[in-house]
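Have a look at structure_21.txt; it's compact mmCIF, C-alpha atoms:
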```txt
# COMPACT_ATOMS: atom_id res chain seq x y z
CA MET A 1 83.90 143.25 71.27
CA PRO A 2 86.36 141.94 73.86
CA THR A 3 85.27 142.83 77.35
CA ILE A 4 86.82 142.56 80.78
CA VAL A 5 84.52 141.78 83.67
CA VAL A 6 85.38 142.97 87.15
CA GLU A 7 83.40 141.70 90.11
CA VAL A 8 83.46 143.45 93.47
CA MET A 9 81.81 142.33 96.70
CA PRO A 10 81.35 144.03 100.05
CA LYS A 11 83.87 142.63 102.54
CA ALA A 12 82.56 139.46 104.15
CA VAL A 13 83.23 140.81 107.65
CA LEU A 14 81.06 143.87 107.05
CA LEU A 15 77.32 144.08 107.16
CA ASP A 16 75.76 144.19 103.69
CA PRO A 17 72.43 146.01 104.25
CA GLN A 18 71.35 145.58 100.62
CA GLY A 19 71.92 141.84 100.72
CA LYS A 20 70.16 141.66 104.06
CA ALA A 21 67.12 143.45 102.61
CA VAL A 22 66.98 141.00 99.69
CA ALA A 23 67.31 138.03 102.05
CA GLY A 24 64.46 139.46 104.11
CA ALA A 25 62.28 139.71 101.01
CA LEU A 26 63.09 136.10 100.08
CA HIS A 27 62.09 135.03 103.56
CA ARG A 28 58.76 136.85 103.21
CA LEU A 29 58.19 135.02 99.91
CA GLY A 30 58.53 131.76 101.81
CA LYS A 31 61.94 131.02 100.34
CA SER A 32 63.50 130.52 103.72
CA ARG A 33 65.97 127.89 102.52
CA PHE A 34 67.90 130.76 100.90
CA THR A 35 69.36 131.94 104.16
CA ASP A 36 71.78 134.68 103.14
CA VAL A 37 72.30 137.09 100.27
CA ARG A 38 75.26 139.30 99.58
CA LEU A 39 75.01 141.86 96.84
CA GLY A 40 77.99 143.14 94.88
CA LYS A 41 78.90 144.86 91.65
CA ARG A 42 79.83 143.68 88.18
CA PHE A 43 81.66 145.99 85.77
CA GLU A 44 81.80 145.17 82.05
CA ILE A 45 84.65 147.11 80.49
CA ALA A 46 85.04 147.29 76.73
CA PHE A 47 88.49 148.08 75.44
CA GLU A 48 90.63 148.57 72.38
CA GLY A 49 93.71 146.53 71.68
CA ASP A 50 94.77 143.03 72.53
CA ALA A 51 93.13 140.87 75.16
CA ASP A 52 96.45 140.03 76.70
CA GLU A 53 97.92 139.61 80.14
CA ALA A 54 99.12 143.24 80.21
CA THR A 55 95.58 144.50 79.69
CA LEU A 56 94.30 142.20 82.38
CA ALA A 57 97.02 143.40 84.75
CA GLU A 58 96.14 147.04 84.04
CA VAL A 59 92.47 146.40 84.82
CA ARG A 60 93.37 144.43 87.94
CA GLU A 61 95.27 147.51 89.13
CA LEU A 62 92.29 149.77 88.34
CA ALA A 63 89.96 147.32 90.05
CA GLU A 64 91.97 147.60 93.25
CA SER A 65 92.60 151.35 93.13
CA MET A 66 89.40 152.79 91.67
CA LEU A 67 86.62 150.30 90.96
CA SER A 68 86.76 149.06 94.55
CA ASN A 69 87.65 150.53 97.92
CA SER A 70 89.75 148.04 99.85
CA VAL A 71 88.47 149.40 103.16
CA ILE A 72 84.96 148.17 102.43
CA GLU A 73 85.15 145.86 99.40
CA ASP A 74 87.09 143.00 97.81
CA VAL A 75 87.78 142.42 94.13
CA VAL A 76 86.72 138.82 93.63
CA SER A 77 87.28 138.39 89.90
CA VAL A 78 88.86 140.09 86.89
CA HIS A 79 88.47 138.18 83.63
CA PHE A 80 87.86 138.42 79.90
CA VAL A 81 84.57 137.60 78.25
CA GLY A 82 83.58 137.85 74.61
CA SER A 83 86.07 137.28 71.82
CA GLY A 84 89.13 137.72 74.01
CA THR A 85 91.30 134.94 75.35
CA GLN A 86 90.20 134.03 78.83
CA THR A 87 93.31 134.05 80.94
CA ASN A 88 91.80 134.08 84.40
CA GLY A 89 89.97 130.94 85.45
CA ALA A 90 88.33 132.67 88.39
CA HIS A 91 85.13 133.46 86.52
CA VAL A 92 81.83 132.65 88.15
CA ALA A 93 80.01 129.59 86.85
CA GLY A 94 77.25 130.65 84.51
CA THR A 95 79.11 133.70 83.25
CA PRO A 96 79.13 133.62 79.45
CA VAL A 97 82.83 133.08 79.04
CA GLU A 98 83.96 132.22 75.54
CA ALA A 99 87.25 130.44 75.84
CA SER A 100 89.36 130.48 72.70
CA MET B 1 90.06 185.01 105.89
CA ARG B 2 88.79 183.19 102.78
CA ILE B 3 87.28 179.71 103.01
CA GLY B 4 86.52 177.83 99.81
CA VAL B 5 83.48 175.61 99.34
CA VAL B 6 83.72 173.17 96.44
CA THR B 7 80.63 172.58 94.32
CA PHE B 8 80.43 169.20 92.59
CA PRO B 9 77.66 168.03 90.26
CA GLY B 10 75.13 166.80 92.79
CA SER B 11 76.30 168.91 95.74
CA LEU B 12 73.32 170.00 97.84
CA ASP B 13 74.70 171.90 100.79
CA ASP B 14 77.34 174.06 99.16
CA ARG B 15 75.29 177.24 99.59
CA ASP B 16 74.53 176.35 103.21
CA ALA B 17 78.24 175.83 103.84
CA GLN B 18 79.03 179.19 102.22
CA ARG B 19 76.46 180.82 104.50
CA ALA B 20 77.98 179.12 107.54
CA VAL B 21 81.40 180.45 106.57
CA ARG B 22 79.96 183.96 106.22
CA LEU B 23 78.10 183.88 109.54
CA ALA B 24 81.24 182.60 111.23
CA GLY B 25 83.05 185.71 110.05
CA ALA B 26 85.04 184.59 107.01
CA THR B 27 84.57 185.17 103.30
CA PRO B 28 83.15 182.18 101.41
CA VAL B 29 84.72 181.46 98.03
CA ALA B 30 82.90 179.24 95.55
CA LEU B 31 85.20 176.59 94.05
CA TRP B 32 84.36 174.34 91.11
CA HIS B 33 85.05 170.61 90.86
CA GLY B 34 86.29 170.82 87.28
CA GLU B 35 89.04 173.36 87.95
CA HIS B 36 92.55 172.99 89.31
CA ASP B 37 92.31 176.43 90.96
CA LEU B 38 91.81 176.89 94.72
CA HIS B 39 91.76 180.70 94.24
CA GLY B 40 94.21 181.11 97.11
CA VAL B 41 91.74 180.14 99.86
CA ASP B 42 92.95 179.64 103.42
CA ALA B 43 90.72 176.62 104.16
CA ILE B 44 88.39 174.31 102.24
CA VAL B 45 84.97 172.79 102.87
CA LEU B 46 83.74 169.77 100.89
CA PRO B 47 79.95 169.97 101.26
CA GLY B 48 77.20 167.42 101.54
CA GLY B 49 75.08 166.08 98.73
CA PHE B 50 75.22 163.26 96.23
CA SER B 51 78.17 164.14 94.02
CA TYR B 52 78.07 162.30 90.70
CA GLY B 53 74.88 160.63 91.88
CA ASP B 54 76.82 158.54 94.41
CA TYR B 55 77.72 156.36 91.41
CA LEU B 56 80.47 153.75 91.93
CA ARG B 57 80.64 154.56 95.66
CA ALA B 58 79.58 157.66 97.57
CA GLY B 59 82.31 160.26 97.08
CA ALA B 60 84.45 158.01 94.90
CA ILE B 61 84.20 159.82 91.57
CA ALA B 62 84.35 163.23 93.25
CA SER B 63 87.60 162.17 94.93
CA LEU B 64 89.09 161.80 91.44
CA SER B 65 87.90 165.20 90.14
CA PRO B 66 90.41 167.90 89.08
CA ILE B 67 89.89 170.12 92.15
CA MET B 68 90.55 167.19 94.49
CA ALA B 69 94.15 166.92 93.28
CA GLU B 70 94.61 170.45 94.60
CA VAL B 71 92.62 169.77 97.77
CA ILE B 72 94.80 166.74 98.54
CA ALA B 73 97.98 168.75 97.94
CA ALA B 74 96.67 171.57 100.15
CA ALA B 75 95.66 169.14 102.90
CA ASN B 76 99.16 167.68 102.84
CA ARG B 77 100.56 171.22 103.26
CA GLY B 78 98.43 171.62 106.39
CA VAL B 79 95.56 173.68 104.96
CA PRO B 80 92.39 173.06 107.02
CA VAL B 81 89.96 170.83 105.11
CA LEU B 82 86.48 169.90 106.37
CA GLY B 83 84.34 167.20 104.77
CA ILE B 84 80.67 167.13 105.69
CA CYS B 85 78.63 164.01 104.87
CA ASN B 86 79.36 163.47 101.15
CA GLY B 87 82.51 165.53 101.74
CA PHE B 88 83.54 163.08 104.48
CA GLN B 89 82.96 160.23 102.03
CA MET B 90 85.22 162.03 99.52
CA LEU B 91 87.99 162.47 102.10
CA ALA B 92 87.82 158.78 102.94
CA GLU B 93 87.89 157.85 99.24
CA ALA B 94 90.85 160.21 98.72
CA HIS B 95 92.66 158.47 101.62
CA LEU B 96 93.02 161.77 103.47
CA LEU B 97 91.07 160.16 106.30
CA ASP B 98 91.06 156.57 107.51
CA GLY B 99 88.09 154.26 107.22
CA GLY B 100 85.13 154.09 104.87
CA LEU B 101 81.40 154.77 104.88
CA ILE B 102 78.90 152.07 104.01
CA ARG B 103 75.12 151.93 103.76
CA ASN B 104 73.30 152.46 107.06
CA ASP B 105 72.87 149.16 108.89
CA HIS B 106 69.07 149.51 108.97
CA GLY B 107 69.08 150.04 105.20
CA THR B 108 67.14 153.29 105.15
CA PHE B 109 67.94 156.96 104.78
CA ILE B 110 67.85 158.78 108.12
CA CYS B 111 67.18 162.44 108.87
CA ARG B 112 67.18 163.60 112.48
CA ASP B 113 68.68 166.08 114.91
CA GLN B 114 71.62 164.12 116.30
CA LYS B 115 73.44 164.55 119.58
CA LEU B 116 77.22 164.21 119.40
CA ARG B 117 80.16 164.53 121.73
CA VAL B 118 83.19 166.45 120.50
CA GLU B 119 85.96 164.00 121.33
CA ASN B 120 88.97 165.89 120.01
CA THR B 121 89.10 169.66 120.55
CA ALA B 122 92.62 170.10 119.21
CA THR B 123 91.81 170.04 115.49
CA ALA B 124 91.60 172.99 113.12
CA TRP B 125 87.81 172.55 113.06
CA THR B 126 87.04 171.80 116.72
CA ASN B 127 89.41 174.00 118.78
CA GLY B 128 86.58 176.33 119.83
CA TYR B 129 84.73 173.60 121.74
CA ALA B 130 85.50 172.75 125.36
CA PRO B 131 86.65 169.13 125.77
CA GLY B 132 83.68 166.76 125.98
CA THR B 133 81.17 169.32 124.68
CA GLU B 134 77.85 167.78 123.62
CA ILE B 135 76.27 169.31 120.53
CA THR B 136 73.12 168.70 118.48
CA ILE B 137 73.22 169.13 114.71
CA PRO B 138 71.21 167.62 111.85
CA LEU B 139 72.14 164.23 110.41
CA LYS B 140 70.83 163.11 107.01
CA ASN B 141 72.36 160.27 105.08
CA GLY B 142 71.86 156.84 103.60
CA GLU B 143 75.49 155.73 103.70
CA GLY B 144 76.88 156.90 107.02
CA GLY B 145 78.09 153.68 108.59
CA PHE B 146 81.73 154.31 109.52
CA VAL B 147 83.86 151.17 109.20
CA ALA B 148 87.55 150.30 109.33
CA ASP B 149 89.54 147.23 110.27
CA ALA B 150 90.20 146.56 113.95
CA GLU B 151 93.79 147.77 113.78
CA THR B 152 92.74 151.11 112.26
CA ILE B 153 89.95 151.57 114.80
CA ALA B 154 92.40 150.90 117.63
CA ARG B 155 94.83 153.45 116.20
CA LEU B 156 92.12 156.10 115.68
CA GLU B 157 90.91 155.60 119.25
CA GLY B 158 94.41 155.44 120.70
CA GLU B 159 95.69 158.53 118.90
CA GLY B 160 92.60 160.62 119.64
CA GLN B 161 91.62 160.77 115.99
CA VAL B 162 87.94 160.16 116.71
CA ALA B 163 86.70 163.75 116.46
CA PHE B 164 82.97 163.22 117.03
CA ARG B 165 80.95 160.39 118.54
CA TYR B 166 77.21 159.75 118.35
CA LEU B 167 75.40 160.05 121.67
CA GLY B 168 72.07 158.56 122.67
CA VAL B 169 71.57 156.49 119.55
CA ASN B 170 73.88 155.10 116.91
CA PRO B 171 71.97 156.17 113.79
CA ASN B 172 73.70 154.06 111.16
CA GLY B 173 75.77 151.23 112.64
CA SER B 174 79.07 153.11 112.78
CA ILE B 175 81.79 151.20 114.63
CA ASN B 176 82.31 152.59 118.17
CA ASP B 177 79.58 155.20 117.45
CA ILE B 178 82.13 157.15 115.40
CA ALA B 179 80.52 160.18 113.71
CA GLY B 180 83.67 161.94 112.54
CA VAL B 181 87.44 161.56 112.45
CA THR B 182 90.53 163.70 111.96
CA ASN B 183 93.88 163.01 110.38
CA ALA B 184 96.93 162.77 112.64
CA ARG B 185 97.90 166.39 111.96
CA GLY B 186 94.44 167.69 112.89
CA ASN B 187 93.91 169.83 109.81
CA VAL B 188 91.62 167.40 107.95
CA VAL B 189 88.32 166.55 109.61
CA GLY B 190 85.31 164.67 108.27
CA LEU B 191 81.93 164.01 109.84
CA MET B 192 78.59 162.66 108.66
CA PRO B 193 76.28 165.12 110.51
CA HIS B 194 75.80 168.66 109.19
CA PRO B 195 77.18 171.56 111.27
CA GLU B 196 76.32 174.01 108.47
CA HIS B 197 72.62 173.45 109.20
CA ALA B 198 72.98 174.58 112.82
CA ILE B 199 74.52 178.03 112.64
CA GLU B 200 71.68 180.55 112.85
CA GLU B 201 68.72 180.84 115.19
CA GLY B 202 65.47 180.20 113.37
CA PHE B 203 67.02 177.61 111.06
CA GLY B 204 68.73 175.10 113.37
CA PRO B 205 67.62 172.11 115.45
CA ASP B 206 65.08 172.57 118.23
CA THR B 207 66.50 173.27 121.67
CA ASP B 208 64.96 173.41 125.12
CA ALA B 209 64.97 177.20 124.78
CA ALA B 210 63.11 177.50 121.48
CA MET B 211 62.20 175.79 118.26
CA ARG B 212 64.95 175.79 115.63
CA SER B 213 67.28 177.84 117.78
CA GLY B 214 70.24 175.44 117.78
CA THR B 215 73.53 176.89 116.57
CA ASP B 216 75.94 174.23 117.86
CA GLY B 217 77.54 173.84 114.43
CA LEU B 218 78.83 177.40 114.13
CA THR B 219 81.87 176.67 116.32
CA ILE B 220 83.19 174.27 113.65
CA PHE B 221 83.61 177.22 111.31
CA THR B 222 84.81 179.75 113.90
CA SER B 223 87.37 177.12 115.00
CA ALA B 224 88.89 177.12 111.52
CA ILE B 225 89.08 180.91 111.53
CA ALA B 226 90.81 180.79 114.94
CA ALA B 227 93.22 178.11 113.70
CA LEU B 228 94.11 180.23 110.67
CA ALA B 229 94.53 183.36 112.78
CA ALA B 230 96.92 181.49 115.08
CA VAL B 231 99.26 180.50 112.23
```
Rewrite the structure from the file as C-alpha cells, please.
Amino acid sequence: MPTIVVEVMPKAVLLDPQGKAVAGALHRLGKSRFTDVRLGKRFEIAFEGDADEATLAEVRELAESMLSNSVIEDVVSVHFVGSGTQTNGAHVAGTPVEAS
Amino acid sequence: MRIGVVTFPGSLDDRDAQRAVRLAGATPVALWHGEHDLHGVDAIVLPGGFSYGDYLRAGAIASLSPIMAEVIAAANRGVPVLGICNGFQMLAEAHLLDGGLIRNDHGTFICRDQKLRVENTATAWTNGYAPGTEITIPLKNGEGGFVADAETIARLEGEGQVAFRYLGVNPNGSINDIAGVTNARGNVVGLMPHPEHAIEEGFGPDTDAAMRSGTDGLTIFTSAIAALAAV
C-alpha cells in the first residue's frame, strides 16, 4: 500500500513542554549527553491512485492547512514510503523509504 | 434574546454555559456540531471541554465540523461569538482569532481560581465591565499557553485586542500574560479561563465575603445581551 508520510514539529522558537519533559527524564536516567529533545508528529496516510507529484502536492497543501497549524508548528517533511515512487528526498534517515 | 451553545463530542461545559446564558437573562439554545443550523440564534458560545479528544490539536477537528462553517459565517456578519477554553482553541484554529494555544509551559494540567484584568471593555462580551476591572474566575486547562509571532503580538497589543490578561501569576506561559483576545471588530472573543463557572453564588470561586460566592463571570454574558439590545 503506497503511503505518504507527513512530519510536523513544534516551531523551534516555541517552548516544547513535551520534549522538555522527555529531556528531563533522560537526564534523570543519567543520559545527560542527550541535551535536548523536541517531540513532533508523524502522519502515515494511505491513499488510492497514483503516487505522483500531484498527490504529493495535494498532501503538502493539507499538511499546511489542516495537519499542522502554522502559528505553532512547521511541516518538516512530506514524502512517499512503501511501494510508491519517492519524489521528495527530505525524508529522515532511518525512515523505511523504498525508492523505486 | 437567544444565545446558542454548541455541543461537540467531548464538550464538558456546554450545560454550564447554557445555565450562564439563562442566569444572565437570555434563552439558551442547544446547537449540535454535526448540523449546519444555527436555529436563528443572536449570539453563539463555543464551550470548554476536549472536543474530539483534543486529537490532532486542541480544537482543530472541531474547527472543521459542519456547525463551524455557519459559526464562521455568522462571526463574519458581526454575530457575537464567545470561545471559552476549548472554544478559544477552536476560534484560533478557525482563524477567527489570532494566535495559537500550546501545552502549558510547566507541562501539567492546571485548575485554579485565576485573577484577570479586563483589558478591553469595548467588545460584545466585555462592555459591562468598567475599564481595568479585575475579576476572578476558574481556569482549568492543559494547553492554555497563548503564542503568536512578535508582529502579531505587537498588533494585538497596539490595537487593544488583548481582552483579558492574567494577574498575579502567569499560569501557563502565555506571551505577555495574555488570557484572552478579541478580533478587530470586537464581536469574537476567546479566553482560556471559564466565566460560566462564576455566575451564581454558591457555585463560584471563593471571595473575601464568602466561600464560592464569586460571580465575576456573569458580566461576560450580560455584556452580550446588552450588545445585542443596542443593535
- In terms of all atoms listed in the file, the residue from B:Ala62, B:Val6, B:Ala209, B:Val29 at minimal distance from chain A is B:Ala62
Find the residues in chain A near chain B: any atom within 12 Å counts, using all atoms listed in the file. Write them as a PDB file with C-alpha atoms, keeping the file's coordinate frame.
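Output contents, as saved in iface.pdb:
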```
ATOM      1  CA  VAL A   8      83.460 143.450  93.470  1.00  0.00           C
ATOM      2  CA  PRO A  10      81.350 144.030 100.050  1.00  0.00           C
ATOM      3  CA  LYS A  11      83.870 142.630 102.540  1.00  0.00           C
ATOM      4  CA  VAL A  13      83.230 140.810 107.650  1.00  0.00           C
ATOM      5  CA  LEU A  14      81.060 143.870 107.050  1.00  0.00           C
ATOM      6  CA  LEU A  15      77.320 144.080 107.160  1.00  0.00           C
ATOM      7  CA  ASP A  16      75.760 144.190 103.690  1.00  0.00           C
ATOM      8  CA  PRO A  17      72.430 146.010 104.250  1.00  0.00           C
ATOM      9  CA  GLN A  18      71.350 145.580 100.620  1.00  0.00           C
ATOM     10  CA  GLY A  19      71.920 141.840 100.720  1.00  0.00           C
ATOM     11  CA  LYS A  20      70.160 141.660 104.060  1.00  0.00           C
ATOM     12  CA  ALA A  21      67.120 143.450 102.610  1.00  0.00           C
ATOM     13  CA  VAL A  22      66.980 141.000  99.690  1.00  0.00           C
ATOM     14  CA  GLY A  24      64.460 139.460 104.110  1.00  0.00           C
ATOM     15  CA  GLY A  40      77.990 143.140  94.880  1.00  0.00           C
ATOM     16  CA  LYS A  41      78.900 144.860  91.650  1.00  0.00           C
ATOM     17  CA  ARG A  42      79.830 143.680  88.180  1.00  0.00           C
ATOM     18  CA  PHE A  43      81.660 145.990  85.770  1.00  0.00           C
ATOM     19  CA  ALA A  63      89.960 147.320  90.050  1.00  0.00           C
ATOM     20  CA  SER A  65      92.600 151.350  93.130  1.00  0.00           C
ATOM     21  CA  MET A  66      89.400 152.790  91.670  1.00  0.00           C
ATOM     22  CA  LEU A  67      86.620 150.300  90.960  1.00  0.00           C
ATOM     23  CA  SER A  68      86.760 149.060  94.550  1.00  0.00           C
ATOM     24  CA  ASN A  69      87.650 150.530  97.920  1.00  0.00           C
ATOM     25  CA  SER A  70      89.750 148.040  99.850  1.00  0.00           C
ATOM     26  CA  VAL A  71      88.470 149.400 103.160  1.00  0.00           C
ATOM     27  CA  ILE A  72      84.960 148.170 102.430  1.00  0.00           C
ATOM     28  CA  GLU A  73      85.150 145.860  99.400  1.00  0.00           C
TER      29      GLU A  73
END
```
- Find the residue from B:Pro138, B:Gly186, B:Gly144, B:Gly78 that sits nearest to B:Asn120; use all atoms listed in the file when measuring. B:Gly186
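The spacing separating atom CA of B:Gly190 from atom CA of B:Gly168 amounts to 20.5 Å.
Across the model, the gap from atom CA of B:Gly87 to atom CA of A:Glu64 is 22.0 Å.
Take atom CA of B:Glu35 and atom CA of B:Thr222: the distance between them is 27.1 Å.
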- Message: Using all atoms listed in the file, which protein or nucleic acid residues come within 7 Å of B:Asp42? Drop anything in the same chain fewer than 3 positions from it, and give the result as a list in words.
- Response: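 My list of contacting residues is Met1, Arg2, Ile3 and Val79 of chain B.
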- Query: Neighbours of B:Asp13 within 10 Å (only C-alpha atoms; same-chain residues fewer than 3 positions away dropped), as a list in words?
  - Reply: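 Everything that qualifies: Val5, Thr7, Gly10, Asp16, Ala17, Gln18, Arg19, Leu46, Pro47, Gly48, Gly49, Phe50, Ile84, Cys85, Asn86, His194, Glu196 and His197 of chain B.
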